[in-house]
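Asks: Just run_3.txt, nothing more (compact mmCIF, C-alpha atoms):
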```txt
# COMPACT_ATOMS: atom_id res chain seq x y z
CA MET I 1 276.80 -85.00 -134.60
CA PRO I 2 278.29 -83.18 -131.60
CA ALA I 3 278.27 -79.39 -131.52
CA PRO I 4 281.51 -77.72 -132.61
CA GLU I 5 283.93 -76.77 -129.87
CA ARG I 6 284.02 -72.98 -129.55
CA ILE I 7 287.57 -71.70 -129.49
CA PRO I 8 288.52 -68.83 -127.18
CA PRO I 9 291.44 -66.56 -128.16
CA GLY I 10 294.65 -68.51 -127.62
CA GLY I 11 292.76 -71.80 -127.39
CA VAL I 12 294.55 -73.42 -130.34
CA THR I 13 297.81 -72.96 -132.20
CA ALA I 14 298.13 -70.20 -134.77
CA VAL I 15 298.35 -72.78 -137.55
CA GLU I 16 295.13 -74.48 -136.41
CA LEU I 17 293.34 -71.13 -136.14
CA LEU I 18 294.46 -70.04 -139.62
CA ASP I 19 293.26 -73.40 -140.96
CA LEU I 20 289.88 -72.87 -139.31
CA LEU I 21 289.56 -69.34 -140.71
CA ALA I 22 290.62 -70.39 -144.20
CA LYS I 23 288.63 -73.62 -144.56
CA GLY I 24 285.69 -73.31 -142.20
CA GLU I 25 282.08 -72.66 -143.10
CA LEU I 26 281.24 -69.00 -142.60
CA THR I 27 277.86 -68.12 -141.10
CA VAL I 28 276.93 -64.44 -140.95
CA ARG I 29 275.55 -63.50 -137.52
CA GLY I 30 275.34 -59.72 -137.81
CA GLN I 31 276.84 -56.51 -139.16
CA VAL I 32 279.05 -53.87 -137.56
CA ARG I 33 277.06 -50.85 -138.69
CA GLU I 34 279.47 -48.17 -137.42
CA ALA I 35 282.05 -49.20 -140.03
CA SER I 36 282.46 -47.23 -143.27
CA ASN I 37 282.75 -50.47 -145.27
CA ALA I 38 280.91 -53.78 -144.99
CA VAL I 39 282.02 -55.56 -141.79
CA LEU I 40 280.18 -58.76 -140.96
CA PHE I 41 280.32 -60.59 -137.65
CA CYS I 42 280.44 -64.32 -138.36
CA SER I 43 281.09 -67.71 -136.91
CA VAL I 44 283.38 -70.13 -138.68
CA ALA I 45 283.21 -73.91 -138.13
CA TYR I 46 285.53 -76.64 -139.34
CA ASP I 47 286.62 -80.09 -138.18
CA GLY I 48 284.71 -79.93 -134.90
CA ARG I 49 285.87 -76.44 -133.98
CA GLU I 50 284.13 -73.07 -134.11
CA ALA I 51 285.23 -69.48 -133.55
CA ASP I 52 283.91 -65.96 -133.95
CA CYS I 53 285.39 -63.90 -136.74
CA VAL I 54 285.06 -60.78 -138.87
CA TYR I 55 284.41 -61.06 -142.61
CA LYS I 56 285.02 -58.01 -144.80
CA PRO I 57 284.00 -58.77 -148.39
CA VAL I 58 285.78 -56.87 -151.16
CA ALA I 59 282.36 -56.25 -152.71
CA GLY I 60 281.45 -54.12 -149.69
CA GLU I 61 284.46 -51.79 -149.93
CA ARG I 62 284.14 -48.15 -150.91
CA PRO I 63 286.71 -47.15 -153.56
CA LEU I 64 289.54 -44.91 -152.33
CA TRP I 65 290.98 -42.38 -154.78
CA ASP I 66 294.45 -42.55 -153.22
CA PHE I 67 294.56 -46.38 -153.15
CA PRO I 68 293.68 -47.25 -156.76
CA ASP I 69 295.42 -50.65 -156.70
CA GLY I 70 294.38 -53.76 -154.84
CA ASN I 71 291.78 -53.66 -152.08
CA LEU I 72 291.38 -53.21 -148.35
CA ALA I 73 291.14 -56.95 -147.74
CA GLN I 74 294.51 -57.69 -149.31
CA ARG I 75 296.22 -54.92 -147.34
CA GLU I 76 294.66 -56.23 -144.12
CA VAL I 77 296.19 -59.64 -144.81
CA ALA I 78 299.52 -58.04 -145.74
CA ALA I 79 299.54 -56.22 -142.38
CA TYR I 80 299.00 -59.55 -140.60
CA GLU I 81 301.89 -61.12 -142.51
CA VAL I 82 304.25 -58.29 -141.56
CA SER I 83 303.04 -58.38 -137.94
CA GLU I 84 303.80 -62.09 -137.78
CA ALA I 85 307.26 -61.49 -139.20
CA THR I 86 308.00 -59.11 -136.30
CA GLY I 87 307.16 -61.83 -133.78
CA TRP I 88 304.98 -59.40 -131.84
CA GLY I 89 301.62 -60.92 -132.83
CA LEU I 90 299.86 -57.56 -132.86
CA VAL I 91 297.34 -58.34 -135.62
CA PRO I 92 294.79 -61.12 -135.09
CA PRO I 93 295.08 -64.14 -137.42
CA THR I 94 293.83 -63.01 -140.83
CA VAL I 95 293.26 -64.80 -144.14
CA LEU I 96 291.99 -63.97 -147.63
CA ARG I 97 289.26 -66.33 -148.82
CA ASP I 98 285.88 -66.69 -150.46
CA GLY I 99 282.77 -66.18 -148.35
CA PRO I 100 279.02 -65.74 -148.70
CA PHE I 101 279.52 -62.41 -150.52
CA GLY I 102 282.65 -63.26 -152.46
CA GLN I 103 286.33 -62.87 -151.68
CA GLY I 104 287.20 -60.99 -148.56
CA MET I 105 289.28 -60.77 -145.44
CA VAL I 106 288.43 -63.08 -142.54
CA GLN I 107 289.98 -62.31 -139.15
CA GLN I 108 289.64 -63.75 -135.69
CA TRP I 109 287.17 -61.76 -133.59
CA ILE I 110 288.80 -60.21 -130.53
CA GLU I 111 286.66 -59.09 -127.61
CA GLY I 112 288.47 -56.10 -126.12
CA ASP I 113 288.72 -55.52 -122.39
CA PRO I 114 286.61 -52.38 -121.66
CA SER I 115 288.43 -51.82 -118.38
CA ALA I 116 291.81 -51.30 -120.08
CA SER I 117 292.80 -47.64 -120.37
CA LEU I 118 295.20 -46.79 -123.18
CA LEU I 119 293.97 -43.31 -124.22
CA ALA I 120 292.77 -40.34 -122.18
CA LEU I 121 292.04 -36.62 -122.21
CA VAL I 122 293.57 -34.67 -119.33
CA GLU I 123 293.20 -31.06 -118.25
CA ASP I 124 296.88 -30.66 -117.33
CA GLU I 125 299.57 -29.26 -119.62
CA GLU I 126 301.80 -32.32 -119.07
CA PRO I 127 300.77 -35.94 -119.55
CA GLY I 128 301.73 -37.22 -116.11
CA GLU I 129 303.68 -40.30 -115.10
CA GLY I 130 302.96 -43.35 -117.24
CA TRP I 131 301.49 -41.35 -120.14
CA LYS I 132 302.77 -39.79 -123.37
CA ALA I 133 301.39 -36.60 -124.92
CA VAL I 134 299.86 -36.68 -128.41
CA GLY I 135 298.55 -33.11 -128.69
CA LEU I 136 295.76 -30.74 -127.75
CA ALA I 137 292.17 -31.67 -128.60
CA GLN I 138 289.13 -29.40 -128.76
CA VAL I 139 286.61 -30.59 -126.16
CA GLY I 140 284.25 -27.61 -126.13
CA ASP I 141 283.66 -24.17 -127.59
CA ASP I 142 286.42 -22.58 -125.52
CA ARG I 143 288.16 -25.59 -124.02
CA THR I 144 291.00 -27.87 -125.00
CA ALA I 145 292.44 -30.91 -123.29
CA LEU I 146 295.64 -32.85 -123.72
CA LEU I 147 295.23 -36.13 -125.58
CA VAL I 148 297.55 -38.77 -124.11
CA HIS I 149 298.24 -42.45 -124.57
CA ALA I 150 299.75 -44.93 -122.15
CA ASP I 151 303.53 -45.24 -122.04
CA ASP I 152 303.06 -48.94 -122.75
CA ALA I 153 305.58 -51.28 -124.37
CA ARG I 154 302.77 -52.95 -126.35
CA LEU I 155 301.68 -49.61 -127.82
CA ARG I 156 305.29 -48.75 -128.60
CA ARG I 157 305.65 -51.95 -130.60
CA LEU I 158 302.47 -51.02 -132.45
CA ALA I 159 303.84 -47.55 -133.19
CA VAL I 160 306.83 -49.22 -134.85
CA LEU I 161 304.62 -51.60 -136.84
CA ASP I 162 302.45 -48.69 -138.01
CA ALA I 163 305.53 -46.80 -139.17
CA VAL I 164 306.70 -49.88 -141.09
CA ILE I 165 303.39 -50.49 -142.88
CA ASN I 166 302.62 -46.76 -143.23
CA ASN I 167 299.27 -47.02 -141.50
CA GLY I 168 297.03 -44.12 -142.50
CA ASP I 169 294.31 -44.73 -139.90
CA ARG I 170 295.43 -45.72 -136.41
CA LYS I 171 292.41 -44.76 -134.30
CA GLY I 172 291.67 -45.46 -130.68
CA GLY I 173 288.88 -47.87 -131.58
CA HIS I 174 291.39 -50.03 -133.45
CA LEU I 175 293.19 -50.92 -130.22
CA LEU I 176 291.87 -54.09 -128.61
CA PRO I 177 293.52 -55.06 -125.32
CA ALA I 178 292.41 -58.60 -124.54
CA PRO I 179 291.62 -59.73 -120.97
CA ASP I 180 294.82 -61.84 -120.92
CA GLY I 181 296.94 -58.71 -121.43
CA THR I 182 297.63 -59.19 -125.13
CA LEU I 183 297.18 -56.09 -127.27
CA TYR I 184 295.66 -56.58 -130.71
CA ALA I 185 295.28 -54.00 -133.45
CA ILE I 186 292.73 -54.10 -136.27
CA ASP I 187 291.70 -52.20 -139.42
CA HIS I 188 294.79 -51.95 -141.62
CA GLY I 189 293.09 -51.47 -144.98
CA VAL I 190 294.68 -48.08 -145.64
CA SER I 191 298.29 -49.12 -145.21
CA PHE I 192 301.33 -49.70 -147.46
CA HIS I 193 300.96 -46.56 -149.57
CA VAL I 194 304.15 -45.54 -151.39
CA ASP I 195 303.85 -41.96 -150.06
CA ASP I 196 304.08 -41.01 -146.40
CA LYS I 197 300.53 -41.42 -145.09
CA LEU I 198 301.20 -42.19 -141.42
CA ARG I 199 298.25 -40.99 -139.32
CA THR I 200 298.07 -42.22 -135.77
CA LEU I 201 297.24 -41.45 -132.16
CA LEU I 202 300.55 -43.01 -131.10
CA TRP I 203 302.86 -40.02 -131.58
CA GLY I 204 304.02 -40.01 -127.96
CA TRP I 205 307.45 -41.37 -128.83
CA ALA I 206 307.97 -39.20 -131.95
CA GLY I 207 311.66 -38.41 -132.41
CA GLU I 208 312.77 -40.64 -129.54
CA PRO I 209 315.37 -43.39 -130.05
CA LEU I 210 313.92 -46.75 -130.96
CA PRO I 211 314.30 -49.39 -128.24
CA ALA I 212 316.85 -52.15 -128.84
CA GLU I 213 314.05 -54.68 -129.31
CA ALA I 214 312.60 -52.66 -132.19
CA LEU I 215 315.97 -52.33 -133.89
CA GLU I 216 316.42 -56.11 -133.72
CA VAL I 217 312.97 -56.62 -135.23
CA LEU I 218 313.71 -54.15 -138.02
CA GLU I 219 316.91 -56.02 -138.81
CA ARG I 220 314.95 -59.27 -139.10
CA LEU I 221 312.36 -57.57 -141.28
CA ASP I 222 315.08 -56.25 -143.55
CA THR I 223 316.23 -59.83 -144.14
CA ALA I 224 312.67 -61.15 -144.47
CA LEU I 225 311.88 -58.58 -147.16
CA ALA I 226 314.78 -59.56 -149.42
CA PRO I 227 313.44 -60.21 -152.95
CA ASP I 228 313.93 -63.99 -152.70
CA ALA I 229 312.60 -64.34 -149.14
CA PRO I 230 309.22 -66.00 -148.35
CA LEU I 231 307.69 -62.86 -146.79
CA ALA I 232 308.49 -60.78 -149.87
CA ALA I 233 306.98 -63.48 -152.09
CA ARG I 234 303.81 -63.57 -149.98
CA LEU I 235 303.46 -59.78 -149.98
CA ALA I 236 303.87 -59.73 -153.77
CA GLU I 237 300.55 -61.62 -153.90
CA LEU I 238 298.81 -58.94 -151.84
CA ILE I 239 300.27 -55.50 -152.66
CA THR I 240 302.00 -53.94 -155.67
CA PRO I 241 305.75 -54.17 -156.43
CA ASP I 242 306.09 -50.43 -155.74
CA GLU I 243 304.40 -50.87 -152.36
CA VAL I 244 306.74 -53.74 -151.46
CA ALA I 245 309.72 -51.58 -152.47
CA ALA I 246 308.42 -48.69 -150.36
CA LEU I 247 308.01 -51.07 -147.43
CA ARG I 248 311.66 -52.08 -147.74
CA SER I 249 312.67 -48.42 -147.89
CA ARG I 250 310.72 -47.56 -144.72
CA VAL I 251 312.38 -50.40 -142.82
CA ALA I 252 315.80 -49.25 -144.03
CA ALA I 253 315.04 -45.62 -143.10
CA LEU I 254 313.92 -46.56 -139.59
CA ARG I 255 317.08 -48.61 -139.10
CA SER I 256 319.21 -45.76 -140.38
CA SER I 257 317.61 -43.06 -138.21
CA GLY I 258 317.24 -45.28 -135.16
CA ARG I 259 314.31 -43.13 -134.07
CA HIS I 260 310.54 -43.13 -134.06
CA PRO I 261 309.25 -41.06 -136.99
CA GLU I 262 307.82 -37.59 -136.53
CA PRO I 263 304.82 -36.06 -138.35
CA SER I 264 305.84 -35.00 -141.84
CA GLY I 265 303.74 -31.84 -141.91
CA GLU I 266 302.57 -32.77 -145.40
CA TRP I 267 299.70 -34.98 -144.27
CA PRO I 268 297.27 -34.77 -141.33
CA ALA I 269 299.09 -36.47 -138.48
CA ILE I 270 296.01 -37.62 -136.53
CA PRO I 271 293.08 -39.54 -138.07
CA TRP I 272 289.54 -38.19 -137.91
CA PRO I 273 287.55 -39.09 -135.99
CA PRO I 274 290.34 -40.08 -133.60
CA VAL I 275 288.34 -42.86 -131.97
```
Will you turn the file into structure tokens for me?

Replies:
Amino acid sequence: MPAPERIPPGGVTAVELLDLLAKGELTVRGQVREASNAVLFCSVAYDGREADCVYKPVAGERPLWDFPDGNLAQREVAAYEVSEATGWGLVPPTVLRDGPFGQGMVQQWIEGDPSASLLALVEDEEPGEGWKAVGLAQVGDDRTALLVHADDARLRRLAVLDAVINNGDRKGGHLLPAPDGTLYAIDHGVSFHVDDKLRTLLWGWAGEPLPAEALEVLERLDTALAPDAPLAARLAELITPDEVAALRSRVAALRSSGRHPEPSGEWPAIPWPPV
């Protein structure tokens, strides 16, 4: 029997890749030990094709007091579904399925481009051309530096997606710019809370008007989240009715304000550790 064909990112259609992730045989190759929950690096093979992927079993999740319903895996899949509905393709293909350690999330492995620079610490008081200020960061006993992120259209799209799904943990390490220029974002297990939990490093556009593209996407999302629409039905399988309702409300609020959200002051605005 010939060896499976290894699929690079973008090497097959999204439908074929989802089929591979959902139906393929998972083989655990290693573990990402820096993660706070079980994250397993795997290969998945099916119908003559093979790809690298991440498998996060529900059994390896640590309970969260403020997310008593559902699990991280389901919210990761929900984030993928919403990302796909935007048309921006920010979240790698993600499915919910059984694996060697029970049900979990399986997501295409993305190898980030280490040469891409999206975040930086600068000594100046202003961010400089091409950058947006996040805030001051302590870098020593008596020193601070300005944390900045790139003024990048891909990051701006992600800032909108994070506001929609109420992402409580957008860290620098969750940004994966691929060598082909595509930006992917991972780790959405603490999203969709009914209360405002937005914590992110992408505050550079806070309070600014949303671009026309984002307003068009929000309009489409509003329609896609109607109670009888397919996206709403799919999300009802993954998150609670209250969380779906809160998602609709956030989309409506963003459309109404027409602006990027600002920190609420009732919740830490930046995740820790930030990277």

Asks: Looking at only C-alpha atoms, which of I:Ala85, I:Ala137, I:Ile270, I:Ala233 is the one that sits closest to Glu216 (chain I)?

Replies: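 Distance minimum relative to Glu216 (chain I) lands on I:Ala85.
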
Asks: So, counting only C-alpha atoms, which residue among I:Leu198, I:Ala59, I:Ala224, I:Leu146 is closest to Glu266 (chain I)?

Replies: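 Closest to Glu266 (chain I), using only C-alpha atoms: I:Leu198.
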
Asks: Looking at I:Val77, I:Cys42, I:Val54, I:Leu121, which one is nearest to Leu235 (chain I), with distances taken over only C-alpha atoms?

Replies: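 When distances to Leu235 (chain I) are compared using only C-alpha atoms, the smallest one comes from I:Val77.
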
Asks: Could you state the separation of CA of Asp222 (chain I) and CA of Ala252 (chain I) in Å, given to one decimal place?

Replies: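 For CA of Asp222 (chain I) relative to CA of Ala252 (chain I), the distance reads 7.1 Å.
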
Asks: Between I:Leu247, I:Ala116, I:Ala206, I:Ala78, which is the closest to Ala159 (chain I) once you count all atoms listed in the file?

Replies: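 Closest candidate: I:Ala206.
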
Asks: Taking 4 positions as the minimum chain separation for residues in the same chain, which residues sit within 8 Å of region 170-176 of chain I when counting only C-alpha atoms? Answer as a PyMOL selection string.

Replies: chain I and resi 110-113+119+162+183-187+199-202+271+273-275

Asks: Kindly extract all protein, DNA and RNA residues lying within 12 Å of the coordinates (308.4, -60.6, -147.2) given in the file, considering all atoms listed in the file, and supply them as an MDAnalysis selection string.

Replies: chainID I and resid 78:86 220:239 241 243:245 247:248 251
